[in-house]
Structure formats: structure tokens, C-alpha cells
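A.B. asks: Quick one: the structure is below, and I'll ask about it shortly.
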Amino acid sequence: MPEIGGFRQKSRRSFVTLILTVLTSSQSILIVWSKRAGKYEYSVTTANFLVEALKCALSLVALLRIWRKDGVTDDNRLSTTWDEVKVYPIPAALYLVKNLLQYYIFAYVDAPGYQILKNLNIISTGILYQIILKRKLTEIQWAAFILLCAGCTTAQLNPSSDHVLQAPLQGWVMAIVMALLSGFAGVYTEAIIKKRPSRNINVQNFWLYVFGMIFNAFAIMTQDFDAVMNDGFFHGYSLITVLMILNHALSGIAVSMVMKYADNIVKVYSTSVAMLLTAVVSVFLFGFHLSLAFFLGSTVVSVAIYLHSTSKARR
């Protein structure tokens, strides 16, 4: 019986990781597609709010199915204590800033370049793993960090330009800030989720997304209140915008599932595969040309993340 349980958990982890890879690979493409004439005609803050609201609703639907099947237990009930809930505003606020930057970074980098730069979060993840989760990384994993930096730099080389990097300074700064925010939020969220292993993941997600809705509502009032009141909440929305919101919502839930049943390292490896898929799809959708530098950089990044994922962290 333990072998069956272990097989089911491994299968669940593999399935969720596969779903996350597919969703992540299409995420940046949908964001680029949602722009018209190089600009977002819709409010980014309202889109983020709807993402959090949809994730919250999907978590409730999942809980309703569980309650009907297994009944309400201590591990799946929504009622909780302040001591359990008070930790969720921190990652919710971090994800808010990170998600907003995710839209604005496309003013400086294209979709494949964004996927490359996004892999910088493996560095912040590794460092924060040691600080927050008290996990020691192996020499191979640290070597993978160096390979990752080299791969990211190589992939940004533009052979047709005198400039070494395709991404301007603003793009790199935003990518580094996003990496730090994503790494800290990811590791902190994993620590919260795994602090009580028996707690139903949908309950944990629900409270995280409730605070996400609160912070995003505040962002709407402070940034886009006049535009929303004058033009309407859904001004500028299109089918692509709706698909993008759905993608972000499902990606967010998939990430939490990976953290629950695996860890942030698996999430990073999934991101690296998504990077390659994005580059290939961008060739057909945006006329992106895969240069030798991009191919070599992507290969090095993939090898680095592979080494990092297969090398077990010491406790």
C-alpha cells in the first residue's frame, strides 16, 4: 500500500509539473498578444484582480467537491485562526508587485528573452532556500547557478548588433527585481504550505488568493481608479485577454500544487522547459529567429537547471 501511495503522489507531481510547463510556455505569448499597437488597452491591475478572483473561485469549487465527497474535516474546513492566516499577506503582496512588473517588462524584452531572464529566479531561489528553509545546496547545484548566468548572458547576445545584450538596462533591472520577488515569494509560500502537510491545499490557496484580491483591489484604486470609473472595469478586454487571465489563474494554482507535492526546484526546471517551448512557438507566431547564441544559451540554461534538479539538496 505505501508503494501505491508513493506512485500516486509521484504521478500527481509529474502531471502537475507537465501542466505548469505548458501553461508557463504560453503565458508570455498571451501577454504579448494581448497588446495592441504595442500597448495594453485594458487595465493591468483589473486583469490581475480577476486572476486572483478566478483562482479563489476555483479553489472554492474544488473544496465544494471535496466536502460533498468526504465531508468537512479539520484539514479542509475554511474556518481558521489568525495565527494561520497572518502569514499569507506577505507572499500575496510580493506576487502583486511581481505580476505587475511581468506586464511592463515586455516594453524592453521579447517573449523568448523574457523566458531566459525569468530563469534568474533560480539564483534567488537557491540563496533563499538556504536562508528560509535552512537547506544546504550541493556543489553541483552551485555550479549550475554559474552555468545559468552564463547561459542567460549568451542567449541575450545579438550577433547583428554592436550592443552585447539585446535587453536594455531597464529590462535587466526589472528581471532581477522579479527574480528576487519570485524567489522569496516562492520559497516563503512553500514554507507556509508545508508547515502543515495535512492541511488541504485548496484551503491554503483560498486564503492566499483572498489577500491577493485585497492587494490588487488596492492597486486598482491607487493606479487606475479614474480610468476604471470613466471607461469601465472591462475596457479594452478581448478574447486573448480572457485567455491570458485564465492561463495566469491556472498557472498560479499549478505552482501551488507543485510546491505542495514537490518544491521550488521542480518549478524552476519546469520554467526552463517552458522557455524552450516559448522560443520555438515564437518562431511561428512572431517571426522570431533562433540565433546560434540563443540556442547555445538555452542549452546551457537547460543543462544548468537539469543539474540543479537532479542534485539532491542536503538538509
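Labels used: A, B, ... for chains in the order of the C-alpha cells, numbers from 1 for residues in each chain, and numbers from 1 for ligands as shown.
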List as a list in words the protein and nucleic acid residues near Thr80 (chain A), meaning an atom at most 10 Å away when only C-alpha atoms are counted, but skip any in the same chain fewer than 6 places from it.
C.D. replies: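 Near Thr80 (chain A), the qualifying residues are Asp74, Val203 and Trp207 of chain A.
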A.B. asks: Please identify the strand (DSSP E or B) residues within region 19-257 of chain A (assignment by DSSP from backbone atoms) and present them as a list in words.
C.D. replies: Arg36, Lys39, Lys136, Leu157 and Leu165 of chain A
A.B. asks: For region 222-239 of chain A, please output as a PyMOL selection string all residues within 12 Å (counting only C-alpha atoms; exclusion window: fewer than 5 positions along the same chain).
C.D. replies: chain A and resi 30-31+33-36+39-47+49-50+100+215-217+244-246
A.B. asks: Kindly indicate which residue among A:Ala219, A:Ser302, A:Met259, A:Phe206 lies nearest to Val61 (chain A), using only C-alpha atoms for the distances.
C.D. replies: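 Closest residue, counting only C-alpha atoms: A:Phe206.
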A.B. asks: Would you list the contacts of region 119-126 of chain A as a ChimeraX atom specification, taking every protein, DNA or RNA residue within 7 Å and counting only C-alpha atoms, but skipping same-chain residues closer than 3 positions in sequence?
C.D. replies: /A:115-116,129-130,145,176,179-180,182-184,187,268,272
A.B. asks: Store the residues picked out above, limited to C-alpha atoms, as a JSON list (two decimals), in the first residue's frame.
C.D. replies:
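Result file is again-v5.json:
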[["chain", "number", "residue", "atom", "x", "y", "z"],
["A", 115, "GLN", "CA", 11.72, 33.44, -20.55],
["A", 116, "ILE", "CA", 15.53, 33.48, -20.46],
["A", 129, "TYR", "CA", 16.34, 28.16, 0.20],
["A", 130, "GLN", "CA", 19.35, 28.23, 2.50],
["A", 145, "PHE", "CA", 23.99, 28.65, -10.90],
["A", 176, "ILE", "CA", 16.42, 40.91, -11.37],
["A", 179, "ALA", "CA", 13.62, 37.15, -9.76],
["A", 180, "LEU", "CA", 14.13, 38.29, -6.17],
["A", 182, "SER", "CA", 9.51, 35.47, -7.25],
["A", 183, "GLY", "CA", 12.23, 33.57, -5.40],
["A", 184, "PHE", "CA", 11.34, 34.94, -1.98],
["A", 187, "VAL", "CA", 10.24, 29.83, -1.03],
["A", 268, "VAL", "CA", 12.30, 26.16, -11.87],
["A", 272, "SER", "CA", 13.34, 26.14, -18.21]]
A.B. asks: Within 9 Å of Ile193 (chain A), counting only C-alpha atoms, which residues show up once you throw out same-chain ones fewer than 5 positions away? Write them as a ChimeraX atom specification, please.
C.D. replies: /A:188,199,201,204-205,256,259-260
A.B. asks: Can you spit out the residues from that selection as a PDB file, in the first residue's frame, using C-alpha atoms?
C.D. replies:
ATOM      1  CA  TYR A 188       8.144  31.592   1.615  1.00  0.00           C
ATOM      2  CA  ARG A 199      -3.929  20.909   5.510  1.00  0.00           C
ATOM      3  CA  ILE A 201      -4.071  22.777  -0.465  1.00  0.00           C
ATOM      4  CA  GLN A 204      -4.352  27.302   1.813  1.00  0.00           C
ATOM      5  CA  ASN A 205      -4.796  28.632  -1.717  1.00  0.00           C
ATOM      6  CA  SER A 256       0.981  25.952  -5.511  1.00  0.00           C
ATOM      7  CA  MET A 259       5.116  23.488  -4.065  1.00  0.00           C
ATOM      8  CA  LYS A 260       2.801  21.233  -2.075  1.00  0.00           C
TER       9      LYS A 260
END
A.B. asks: If you measure from CA of Lys69 (chain A) to CA of Tyr209 (chain A), what distance in Å do you get, rounded to one decimal?
C.D. replies: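 Computing the Euclidean distance for CA of Lys69 (chain A) and CA of Tyr209 (chain A) yields 23.9 Å.
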A.B. asks: Using the chain letters and numbers from this document, which residues of region 8-121 of chain A does DSSP assign to helix (DSSP H, G or I), as a compact mmCIF listing (two decimals) with N, CA, C and O atoms, in the first residue's frame?
C.D. replies:
# COMPACT_ATOMS: atom_id res chain seq x y z
N ARG A 8 1.17 7.15 -6.63
CA ARG A 8 0.13 8.15 -6.92
C ARG A 8 0.66 9.56 -6.70
O ARG A 8 0.36 10.48 -7.49
N GLN A 9 1.42 9.74 -5.63
CA GLN A 9 1.97 11.07 -5.36
C GLN A 9 2.96 11.48 -6.45
O GLN A 9 2.98 12.64 -6.88
N LYS A 10 3.79 10.52 -6.90
CA LYS A 10 4.74 10.81 -7.96
C LYS A 10 4.04 11.13 -9.27
O LYS A 10 4.43 12.04 -10.00
N SER A 11 2.96 10.37 -9.56
CA SER A 11 2.19 10.62 -10.78
C SER A 11 1.52 11.98 -10.73
O SER A 11 1.49 12.71 -11.72
N ARG A 12 0.98 12.32 -9.56
CA ARG A 12 0.33 13.62 -9.39
C ARG A 12 1.35 14.74 -9.57
O ARG A 12 1.07 15.75 -10.23
N ARG A 13 2.54 14.57 -9.00
CA ARG A 13 3.58 15.58 -9.12
C ARG A 13 4.02 15.74 -10.57
O ARG A 13 4.19 16.87 -11.05
N SER A 14 4.16 14.64 -11.29
CA SER A 14 4.57 14.70 -12.70
C SER A 14 3.50 15.37 -13.55
O SER A 14 3.81 16.18 -14.43
N PHE A 15 2.24 15.04 -13.28
CA PHE A 15 1.13 15.61 -14.06
C PHE A 15 1.04 17.12 -13.83
O PHE A 15 0.92 17.89 -14.79
N VAL A 16 1.11 17.55 -12.57
CA VAL A 16 1.02 18.97 -12.26
C VAL A 16 2.19 19.73 -12.85
O VAL A 16 2.04 20.85 -13.38
N THR A 17 3.38 19.13 -12.82
CA THR A 17 4.57 19.76 -13.41
C THR A 17 4.42 19.92 -14.92
O THR A 17 4.80 20.95 -15.49
N LEU A 18 3.86 18.90 -15.57
CA LEU A 18 3.63 18.98 -17.01
C LEU A 18 2.65 20.09 -17.35
O LEU A 18 2.87 20.88 -18.28
N ILE A 19 1.56 20.16 -16.60
CA ILE A 19 0.57 21.22 -16.82
C ILE A 19 1.19 22.60 -16.62
O ILE A 19 0.96 23.52 -17.41
N LEU A 20 1.99 22.74 -15.57
CA LEU A 20 2.64 24.02 -15.29
C LEU A 20 3.58 24.41 -16.43
O LEU A 20 3.64 25.59 -16.82
N THR A 21 4.29 23.45 -16.99
CA THR A 21 5.21 23.73 -18.10
C THR A 21 4.46 24.27 -19.31
O THR A 21 4.86 25.26 -19.92
N VAL A 22 3.35 23.62 -19.66
CA VAL A 22 2.55 24.04 -20.81
C VAL A 22 1.96 25.43 -20.58
O VAL A 22 2.01 26.30 -21.46
N LEU A 23 1.42 25.66 -19.39
CA LEU A 23 0.81 26.95 -19.08
C LEU A 23 1.86 28.07 -19.07
O LEU A 23 1.61 29.16 -19.58
N THR A 24 3.02 27.79 -18.50
CA THR A 24 4.08 28.81 -18.43
C THR A 24 4.60 29.16 -19.81
O THR A 24 4.90 30.33 -20.10
N SER A 25 4.72 28.16 -20.68
CA SER A 25 5.24 28.42 -22.03
C SER A 25 4.33 29.33 -22.84
O SER A 25 4.80 30.09 -23.69
N SER A 26 3.04 29.28 -22.57
CA SER A 26 2.09 30.11 -23.32
C SER A 26 1.79 31.43 -22.62
O SER A 26 1.15 32.31 -23.19
N GLN A 27 2.27 31.59 -21.39
CA GLN A 27 1.95 32.77 -20.60
C GLN A 27 2.47 34.05 -21.23
O GLN A 27 1.72 35.01 -21.45
N SER A 28 3.77 34.08 -21.51
CA SER A 28 4.36 35.31 -22.07
C SER A 28 3.83 35.59 -23.47
O SER A 28 3.69 36.75 -23.87
N ILE A 29 3.53 34.53 -24.22
CA ILE A 29 2.98 34.72 -25.57
C ILE A 29 1.62 35.40 -25.51
O ILE A 29 1.32 36.31 -26.29
N LEU A 30 0.78 34.97 -24.57
CA LEU A 30 -0.55 35.57 -24.42
C LEU A 30 -0.45 37.02 -23.97
O LEU A 30 -1.24 37.87 -24.39
N ILE A 31 0.53 37.33 -23.11
CA ILE A 31 0.71 38.72 -22.67
C ILE A 31 1.08 39.61 -23.85
O ILE A 31 0.53 40.70 -24.03
N VAL A 32 2.02 39.12 -24.69
CA VAL A 32 2.42 39.90 -25.87
C VAL A 32 1.25 40.05 -26.83
O VAL A 32 1.02 41.11 -27.40
N TRP A 33 0.50 38.98 -27.04
CA TRP A 33 -0.67 39.00 -27.92
C TRP A 33 -1.75 39.97 -27.44
O TRP A 33 -2.53 40.50 -28.24
N VAL A 44 -4.12 46.70 -16.48
CA VAL A 44 -3.34 45.57 -15.97
C VAL A 44 -3.76 45.21 -14.55
O VAL A 44 -3.81 44.04 -14.18
N THR A 45 -4.09 46.21 -13.75
CA THR A 45 -4.47 45.95 -12.36
C THR A 45 -5.80 45.19 -12.28
O THR A 45 -5.97 44.33 -11.42
N THR A 46 -6.75 45.53 -13.17
CA THR A 46 -8.02 44.80 -13.16
C THR A 46 -7.82 43.36 -13.62
O THR A 46 -8.47 42.44 -13.11
N ALA A 47 -6.91 43.16 -14.56
CA ALA A 47 -6.62 41.80 -15.03
C ALA A 47 -6.03 40.97 -13.90
O ALA A 47 -6.42 39.80 -13.70
N ASN A 48 -5.11 41.55 -13.13
CA ASN A 48 -4.52 40.83 -12.01
C ASN A 48 -5.55 40.52 -10.93
O ASN A 48 -5.53 39.45 -10.31
N PHE A 49 -6.48 41.47 -10.72
CA PHE A 49 -7.54 41.24 -9.74
C PHE A 49 -8.42 40.06 -10.16
O PHE A 49 -8.77 39.20 -9.34
N LEU A 50 -8.75 40.01 -11.44
CA LEU A 50 -9.58 38.91 -11.94
C LEU A 50 -8.86 37.57 -11.86
O LEU A 50 -9.49 36.53 -11.64
N VAL A 51 -7.55 37.60 -12.03
CA VAL A 51 -6.75 36.36 -11.89
C VAL A 51 -6.89 35.83 -10.47
O VAL A 51 -7.15 34.63 -10.25
N GLU A 52 -6.72 36.71 -9.48
CA GLU A 52 -6.83 36.29 -8.08
C GLU A 52 -8.26 35.84 -7.75
O GLU A 52 -8.45 34.85 -7.03
N ALA A 53 -9.25 36.56 -8.30
CA ALA A 53 -10.64 36.19 -8.05
C ALA A 53 -10.97 34.82 -8.65
O ALA A 53 -11.66 34.00 -8.04
N LEU A 54 -10.47 34.57 -9.85
CA LEU A 54 -10.71 33.28 -10.51
C LEU A 54 -10.03 32.15 -9.74
O LEU A 54 -10.61 31.07 -9.57
N LYS A 55 -8.80 32.38 -9.29
CA LYS A 55 -8.10 31.36 -8.51
C LYS A 55 -8.86 31.06 -7.21
O LYS A 55 -8.96 29.90 -6.80
N CYS A 56 -9.37 32.10 -6.59
CA CYS A 56 -10.13 31.93 -5.36
C CYS A 56 -11.41 31.13 -5.63
O CYS A 56 -11.76 30.22 -4.86
N ALA A 57 -12.09 31.44 -6.72
CA ALA A 57 -13.32 30.73 -7.08
C ALA A 57 -13.04 29.27 -7.41
O ALA A 57 -13.79 28.37 -6.98
N LEU A 58 -11.97 29.00 -8.14
CA LEU A 58 -11.62 27.63 -8.49
C LEU A 58 -11.26 26.82 -7.24
O LEU A 58 -11.58 25.62 -7.15
N SER A 59 -10.61 27.45 -6.27
CA SER A 59 -10.28 26.78 -5.02
C SER A 59 -11.55 26.42 -4.25
O SER A 59 -11.66 25.34 -3.66
N LEU A 60 -12.53 27.34 -4.26
CA LEU A 60 -13.80 27.07 -3.59
C LEU A 60 -14.56 25.93 -4.27
O LEU A 60 -15.16 25.08 -3.59
N VAL A 61 -14.55 25.92 -5.59
CA VAL A 61 -15.22 24.83 -6.33
C VAL A 61 -14.59 23.48 -5.98
O VAL A 61 -15.29 22.49 -5.75
N ALA A 62 -13.26 23.46 -5.92
CA ALA A 62 -12.56 22.22 -5.56
C ALA A 62 -12.92 21.80 -4.14
O ALA A 62 -13.11 20.60 -3.87
N LEU A 63 -13.03 22.77 -3.24
CA LEU A 63 -13.40 22.46 -1.86
C LEU A 63 -14.82 21.91 -1.76
O LEU A 63 -15.10 20.98 -0.99
N LEU A 64 -15.74 22.49 -2.54
CA LEU A 64 -17.12 22.02 -2.52
C LEU A 64 -17.21 20.55 -2.94
O LEU A 64 -17.96 19.77 -2.36
N ARG A 65 -16.43 20.18 -3.94
CA ARG A 65 -16.41 18.78 -4.38
C ARG A 65 -15.85 17.88 -3.29
O ARG A 65 -16.36 16.77 -3.08
N ILE A 66 -14.83 18.36 -2.60
CA ILE A 66 -14.24 17.57 -1.52
C ILE A 66 -15.22 17.43 -0.36
O ILE A 66 -15.36 16.35 0.23
N TRP A 67 -15.91 18.52 -0.01
CA TRP A 67 -16.89 18.46 1.08
C TRP A 67 -18.03 17.50 0.78
O TRP A 67 -18.50 16.79 1.67
N ARG A 68 -18.47 17.50 -0.47
CA ARG A 68 -19.56 16.59 -0.85
C ARG A 68 -19.11 15.12 -0.82
O ARG A 68 -19.89 14.23 -0.50
N LYS A 69 -17.85 14.90 -1.13
CA LYS A 69 -17.34 13.53 -1.20
C LYS A 69 -16.89 13.00 0.16
O LYS A 69 -17.24 11.89 0.56
N ASP A 70 -16.11 13.82 0.89
CA ASP A 70 -15.50 13.37 2.14
C ASP A 70 -16.04 14.05 3.39
O ASP A 70 -15.70 13.66 4.51
N TRP A 82 -6.17 33.32 13.33
CA TRP A 82 -5.35 34.42 12.83
C TRP A 82 -3.88 34.02 12.70
O TRP A 82 -3.18 34.46 11.80
N ASP A 83 -3.42 33.15 13.60
CA ASP A 83 -2.03 32.69 13.54
C ASP A 83 -1.74 31.96 12.24
O ASP A 83 -0.61 32.03 11.72
N GLU A 84 -2.73 31.26 11.70
CA GLU A 84 -2.53 30.56 10.43
C GLU A 84 -2.64 31.50 9.24
O GLU A 84 -1.89 31.37 8.26
N VAL A 85 -3.53 32.46 9.33
CA VAL A 85 -3.82 33.34 8.19
C VAL A 85 -2.84 34.50 8.07
O VAL A 85 -2.57 34.98 6.96
N PRO A 89 -0.51 37.42 3.84
CA PRO A 89 -0.36 38.73 3.18
C PRO A 89 1.02 38.98 2.61
O PRO A 89 1.16 39.70 1.61
N ILE A 90 2.06 38.40 3.19
CA ILE A 90 3.44 38.64 2.71
C ILE A 90 3.64 38.13 1.29
O ILE A 90 4.01 38.91 0.40
N PRO A 91 3.40 36.83 1.00
CA PRO A 91 3.57 36.39 -0.39
C PRO A 91 2.56 37.03 -1.34
O PRO A 91 2.87 37.25 -2.52
N ALA A 92 1.35 37.34 -0.84
CA ALA A 92 0.34 37.97 -1.69
C ALA A 92 0.83 39.33 -2.18
O ALA A 92 0.66 39.69 -3.36
N ALA A 93 1.45 40.11 -1.29
CA ALA A 93 1.96 41.43 -1.66
C ALA A 93 3.14 41.30 -2.63
O ALA A 93 3.25 42.06 -3.60
N LEU A 94 4.01 40.33 -2.39
CA LEU A 94 5.16 40.12 -3.27
C LEU A 94 4.72 39.71 -4.67
O LEU A 94 5.25 40.19 -5.68
N TYR A 95 3.74 38.81 -4.75
CA TYR A 95 3.23 38.37 -6.04
C TYR A 95 2.55 39.51 -6.78
O TYR A 95 2.57 39.56 -8.01
N LEU A 96 1.91 40.44 -6.04
CA LEU A 96 1.28 41.59 -6.67
C LEU A 96 2.30 42.41 -7.45
O LEU A 96 2.11 42.71 -8.63
N VAL A 97 3.39 42.79 -6.79
CA VAL A 97 4.43 43.59 -7.43
C VAL A 97 5.06 42.83 -8.59
O VAL A 97 5.27 43.37 -9.68
N LYS A 98 5.35 41.54 -8.37
CA LYS A 98 5.98 40.72 -9.40
C LYS A 98 5.08 40.60 -10.62
O LYS A 98 5.53 40.70 -11.77
N ASN A 99 3.78 40.40 -10.42
CA ASN A 99 2.85 40.25 -11.54
C ASN A 99 2.69 41.54 -12.32
O ASN A 99 2.53 41.53 -13.54
N LEU A 100 2.73 42.68 -11.63
CA LEU A 100 2.65 43.97 -12.33
C LEU A 100 3.89 44.19 -13.18
O LEU A 100 3.80 44.64 -14.34
N LEU A 101 5.06 43.87 -12.63
CA LEU A 101 6.30 44.01 -13.40
C LEU A 101 6.31 43.08 -14.62
O LEU A 101 6.92 43.40 -15.65
N GLN A 102 5.61 41.95 -14.50
CA GLN A 102 5.58 40.97 -15.59
C GLN A 102 4.98 41.57 -16.86
O GLN A 102 5.37 41.19 -17.97
N TYR A 103 4.06 42.50 -16.71
CA TYR A 103 3.47 43.16 -17.87
C TYR A 103 4.40 44.22 -18.44
O TYR A 103 4.59 44.33 -19.65
N TYR A 104 5.00 45.03 -17.57
CA TYR A 104 5.78 46.17 -18.02
C TYR A 104 7.14 45.78 -18.59
O TYR A 104 7.72 46.54 -19.37
N ILE A 105 7.64 44.59 -18.24
CA ILE A 105 8.96 44.18 -18.73
C ILE A 105 8.94 43.94 -20.24
O ILE A 105 9.97 44.03 -20.91
N PHE A 106 7.76 43.68 -20.80
CA PHE A 106 7.67 43.41 -22.24
C PHE A 106 7.86 44.67 -23.09
O PHE A 106 7.89 44.59 -24.31
N ALA A 107 7.98 45.81 -22.43
CA ALA A 107 8.33 47.02 -23.17
C ALA A 107 9.82 47.02 -23.53
O ALA A 107 10.26 47.80 -24.38
N ALA A 111 9.25 37.89 -25.99
CA ALA A 111 8.78 36.73 -25.22
C ALA A 111 9.90 35.72 -24.92
O ALA A 111 10.05 35.30 -23.77
N PRO A 112 10.71 35.30 -25.93
CA PRO A 112 11.79 34.35 -25.62
C PRO A 112 12.83 34.94 -24.67
O PRO A 112 13.34 34.26 -23.79
N GLY A 113 13.17 36.23 -24.86
CA GLY A 113 14.12 36.88 -23.97
C GLY A 113 13.60 36.95 -22.54
O GLY A 113 14.37 36.78 -21.58
N TYR A 114 12.30 37.18 -22.40
CA TYR A 114 11.69 37.21 -21.07
C TYR A 114 11.82 35.86 -20.38
O TYR A 114 12.12 35.78 -19.19
N GLN A 115 11.60 34.78 -21.14
CA GLN A 115 11.72 33.44 -20.55
C GLN A 115 13.14 33.17 -20.09
O GLN A 115 13.36 32.53 -19.06
N ILE A 116 14.13 33.65 -20.85
CA ILE A 116 15.53 33.48 -20.46
C ILE A 116 15.81 34.24 -19.16
O ILE A 116 16.36 33.69 -18.20
N LEU A 117 15.43 35.52 -19.13
CA LEU A 117 15.69 36.34 -17.96
C LEU A 117 14.94 35.84 -16.73
O LEU A 117 15.43 35.96 -15.60
N LYS A 118 13.77 35.24 -16.97
CA LYS A 118 12.97 34.76 -15.85
C LYS A 118 13.67 33.64 -15.09
O LYS A 118 13.40 33.40 -13.92
N ASN A 121 15.51 33.59 -11.48
CA ASN A 121 14.93 33.32 -10.17
C ASN A 121 15.48 32.04 -9.54
O ASN A 121 15.29 31.80 -8.35
A.B. asks: Could you check how far CA of Ala150 (chain A) sits from CA of Ala175 (chain A), in Å to one decimal?
C.D. replies: 15.7 Å
A.B. asks: For each of A:Ala143, A:Val173, A:Leu208, A:Ile131, take the minimum atom-to-atom distance to Tyr108 (chain A), counting only C-alpha atoms, then give the residue where this is smallest.
C.D. replies: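 Closest candidate: A:Val173.
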A.B. asks: What is the CA of Ala185 (chain A)-CA of Ile132 (chain A) distance in Å, reported with one decimal?
C.D. replies: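 CA of Ile132 (chain A) lies at a distance of 10.9 Å from CA of Ala185 (chain A).
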A.B. asks: Contacts of Gly151 (chain A) at 8 Å or less, counting only C-alpha atoms, minus same-chain residues fewer than 5 places along, as JSON, numbers by chain?
C.D. replies: {"A": [296, 297, 298, 299, 300, 301]}
A.B. asks: Include C-alpha atoms and write out the residues we just selected as a PDB file, in the first residue's frame.
C.D. replies:
ATOM      1  CA  LEU A 296      23.596  27.783 -27.095  1.00  0.00           C
ATOM      2  CA  GLY A 297      22.368  29.939 -24.236  1.00  0.00           C
ATOM      3  CA  SER A 298      19.127  28.000 -23.970  1.00  0.00           C
ATOM      4  CA  THR A 299      21.058  24.739 -23.986  1.00  0.00           C
ATOM      5  CA  VAL A 300      23.381  25.878 -21.205  1.00  0.00           C
ATOM      6  CA  VAL A 301      20.429  27.135 -19.152  1.00  0.00           C
TER       7      VAL A 301
END
